[in-house]
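Taking it in order: structure first as structure tokens, then the write-up.
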Amino acid sequence: MNNRLINWFKFASPQSFYPLAGRMIPWFWALTAAFGVAGLWISFFVAPTDAQQGEGYRIIFIHVPASWMSMFIYCIMAGWAGLGLVFNTRLSGMMASALAPTGALMAFLSLWTGALWGKPMWGAWWVWDARLTSELILFFLYIGFIALQAAIDDPRRADKAGAILALVGVVNVPIIYFSVKWWNTLHQGSTINLTKAPSMAQTMLWGMLLMALCFWMYSIAVALMRARAIILERETHTEWVKQLDEVKS
Amino acid sequence: MNSLLAVIRRDLLLAMRRKSEVLTALFFFMIVVSLFPLGIGPEPALLRKIAPGVLWVAALLATMLGLQRMFAPDHADGTLEQMALSPTPMGLLVGGKIAAHWLVSGLPLVLLAPVLGLQFDLDAGALGVLVVALLIGTPLLSLIGAIGAALTLGVRGGGVLLSVLVLPLYVPALIFGAGAVEAHISGLGAGGHLSLLAALLALAVFFAPWATTAALRIALE
């Protein structure tokens, strides 16, 4: 038991995590490229043209994975934040702050592609639909997290304060989602129903899954790279950073 | 329990000695609400329709104004550290401070809202629902705001940052609070909205003082 614990926590130290992340990053980039090429090929050349929506529907191959990732990254971020509060490990906070910009980017991409998709399909750039609105609020939550961490000078305090905010946020995300949903249904008879999408062709589903995997690998690779940068920034005073080849040169 | 009452009493005394701050937030509320008819136009039907939303948004903003004062003066003069060191659980003392904040900045809004609602041509039933919704909702605003206030304690640009952190979290309160009045006006009955608002309040009463205390301890480290 004791032995296992030590193994688990080995990579919780920035010193041993830094080279591990460095070794993993190329693999994740390679997977990103592989899934991306396959996913884009399927989504542009293999997937059939949609009977109702024409070619414009193909933007969902970016839109849906981006929305998934934006929600999922927030949960992961809150998970790391919680771990950081419980075990008081420095790396957890670094991972949480490394994930936040990617999550915000995904939320923004999801809103942006949603607008591009909405204009030809619904005839409006923006509809106060439950999903759109809660995605927008999720984006605001990311911005709040990043702004709070940027405003606090002491990195340890920034990590912990951000952790509490992320945990409060993760409790609130479902509440916000459902409140917006009920608000939407009570205010205006929902004009467009997204949930009753016509059943998807098998190839479309494959394209979407491959693109989702591509986004996953991309997020992991970028988060690891950002975590490495944060480690270097915060640990500049230590001896092991000074010994690194990339720092010495 | 005694210490809880002592904290509330102390904060209320402090607020009463500096009345201008409390009154400024109240006048802010009144001014913001009065701006909307000027901007939109005085047709009673339109005003009746926007009244719940306008009053609620103004209440959110007015609550925000007082949030920074909840902990900052105590942090500056060291009272907060004494509270953290005292044998009484800090969550209880924080709860007292939140309650005092509500009494000072939330309750006056509740009492003032029906008067402003008259300007928007709301009938007596709608005004009643508005008061009840605000009565349940404003403590919720104080509770959620306290977390933000504690997180931004002594941080650069705290005021604006506080709004960015807290306003997205206010969305459910706004939706159910304003929705209750709207549902009443449209004849659906406000019960469901008010129950949900009360459920959120129950959740926040339990969790918010706890999260606020954790945030304060980080700020005091």
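Lettering and numbering for the structure tokens are positional, with chains as A, B, ... in the shown order, residues counted from 1 in each chain, and ligands counted from 1 in the shown order.
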Long-range neighbours of region 115-129 of chain B as a PyMOL selection string, 10 Å cut-off, only C-alpha atoms, 3 positions minimum in chain: chain B and resi 29-30+33-34+36-37+42-52+54-55+109-112+132-135+177-178+180-185+189-191+194
12 Å contacts from chain A to chain B using only C-alpha atoms, as a VMD selection string: chain A and resid 85 133 to 187
Which residues, written as a ChimeraX atom specification, have at least one atom at most 12 Å from Arg228 (chain A), with only C-alpha atoms counted and residues fewer than 3 positions away on the same chain left out? /A:14-25,91,94-95,97-99,221-225,231-236,241
So how many Å separate CA of Ala212 (chain A) and CA of Leu40 (chain A), to one decimal? 11.0 Å
9 Å contact set for region 105-112 of chain A, only C-alpha atoms, chain neighbours under 6 positions out, as a VMD selection string: chain A and resid 62 to 71 73 132 135 to 136 138 to 139 142
Could you save those same residues with N, CA and C atoms as a PDB file, in the first residue's frame?
```pdb
ATOM      1  N   ILE A  62     -16.867  20.310 -36.169  1.00  0.00           N
ATOM      2  CA  ILE A  62     -16.043  21.123 -35.277  1.00  0.00           C
ATOM      3  C   ILE A  62     -16.856  21.534 -34.061  1.00  0.00           C
ATOM      4  N   HIS A  63     -18.118  21.886 -34.322  1.00  0.00           N
ATOM      5  CA  HIS A  63     -18.945  22.502 -33.284  1.00  0.00           C
ATOM      6  C   HIS A  63     -19.206  21.546 -32.117  1.00  0.00           C
ATOM      7  N   VAL A  64     -19.631  20.347 -32.446  1.00  0.00           N
ATOM      8  CA  VAL A  64     -20.018  19.419 -31.370  1.00  0.00           C
ATOM      9  C   VAL A  64     -18.819  19.001 -30.517  1.00  0.00           C
ATOM     10  N   PRO A  65     -17.674  18.600 -31.154  1.00  0.00           N
ATOM     11  CA  PRO A  65     -16.522  18.273 -30.295  1.00  0.00           C
ATOM     12  C   PRO A  65     -16.077  19.457 -29.438  1.00  0.00           C
ATOM     13  N   ALA A  66     -16.124  20.674 -29.994  1.00  0.00           N
ATOM     14  CA  ALA A  66     -15.704  21.833 -29.206  1.00  0.00           C
ATOM     15  C   ALA A  66     -16.622  22.021 -28.002  1.00  0.00           C
ATOM     16  N   SER A  67     -17.932  21.844 -28.189  1.00  0.00           N
ATOM     17  CA  SER A  67     -18.847  22.006 -27.044  1.00  0.00           C
ATOM     18  C   SER A  67     -18.592  20.924 -26.005  1.00  0.00           C
ATOM     19  N   TRP A  68     -18.423  19.685 -26.486  1.00  0.00           N
ATOM     20  CA  TRP A  68     -18.128  18.605 -25.529  1.00  0.00           C
ATOM     21  C   TRP A  68     -16.894  18.950 -24.708  1.00  0.00           C
ATOM     22  N   MET A  69     -15.844  19.323 -25.427  1.00  0.00           N
ATOM     23  CA  MET A  69     -14.578  19.586 -24.731  1.00  0.00           C
ATOM     24  C   MET A  69     -14.731  20.733 -23.737  1.00  0.00           C
ATOM     25  N   SER A  70     -15.461  21.789 -24.128  1.00  0.00           N
ATOM     26  CA  SER A  70     -15.568  22.938 -23.234  1.00  0.00           C
ATOM     27  C   SER A  70     -16.192  22.522 -21.907  1.00  0.00           C
ATOM     28  N   MET A  71     -17.219  21.650 -21.982  1.00  0.00           N
ATOM     29  CA  MET A  71     -17.859  21.228 -20.737  1.00  0.00           C
ATOM     30  C   MET A  71     -16.970  20.257 -19.967  1.00  0.00           C
ATOM     31  N   ILE A  73     -13.677  19.869 -20.105  1.00  0.00           N
ATOM     32  CA  ILE A  73     -12.463  20.460 -19.537  1.00  0.00           C
ATOM     33  C   ILE A  73     -12.790  21.179 -18.228  1.00  0.00           C
ATOM     34  N   LEU A 132     -27.143  27.367 -26.083  1.00  0.00           N
ATOM     35  CA  LEU A 132     -26.289  28.496 -26.429  1.00  0.00           C
ATOM     36  C   LEU A 132     -26.048  29.356 -25.200  1.00  0.00           C
ATOM     37  N   GLU A 135     -23.796  27.730 -22.685  1.00  0.00           N
ATOM     38  CA  GLU A 135     -22.416  27.720 -23.180  1.00  0.00           C
ATOM     39  C   GLU A 135     -21.782  29.101 -22.987  1.00  0.00           C
ATOM     40  N   LEU A 136     -22.576  30.144 -23.227  1.00  0.00           N
ATOM     41  CA  LEU A 136     -22.073  31.503 -23.043  1.00  0.00           C
ATOM     42  C   LEU A 136     -21.696  31.735 -21.578  1.00  0.00           C
ATOM     43  N   LEU A 138     -20.906  29.446 -19.440  1.00  0.00           N
ATOM     44  CA  LEU A 138     -19.712  28.642 -19.173  1.00  0.00           C
ATOM     45  C   LEU A 138     -18.461  29.408 -19.599  1.00  0.00           C
ATOM     46  N   PHE A 139     -18.550  30.072 -20.754  1.00  0.00           N
ATOM     47  CA  PHE A 139     -17.441  30.893 -21.224  1.00  0.00           C
ATOM     48  C   PHE A 139     -17.122  31.987 -20.206  1.00  0.00           C
ATOM     49  N   TYR A 142     -15.194  30.520 -17.326  1.00  0.00           N
ATOM     50  CA  TYR A 142     -13.771  30.350 -17.652  1.00  0.00           C
ATOM     51  C   TYR A 142     -13.041  31.678 -17.534  1.00  0.00           C
TER      52      TYR A 142
END
```
Contacts of Pro73 (chain B) at 12 Å or less, counting only C-alpha atoms, minus same-chain residues fewer than 6 places along, as a VMD selection string? chain B and resid 11 14 to 15 66 to 67 79 to 81 149 153 to 154
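Comparing B:Ala72, B:Leu61, B:Ile8, B:Ile98 by their smallest distance to Ile31 (chain B), the closest is B:Leu61 (using only C-alpha atoms).
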Which is closest to Cys214 (chain A) among A:Phe9, A:Val37, A:Pro26, A:Cys75, if we use only C-alpha atoms?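 Ranking A:Phe9, A:Val37, A:Pro26, A:Cys75 by distance to Cys214 (chain A), first place goes to A:Val37.
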Which residue gives the smallest distance to Met77 (chain A) among A:Ala12, A:Tyr57, A:Pro101, A:Met211, with only C-alpha atoms counted?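 Using only C-alpha atoms, the shortest distance to Met77 (chain A) belongs to A:Pro101.
For the atom pair formed by CA of Leu141 (chain B) and CA of Phe72 (chain A), the distance is 27.5 Å, given to one decimal.
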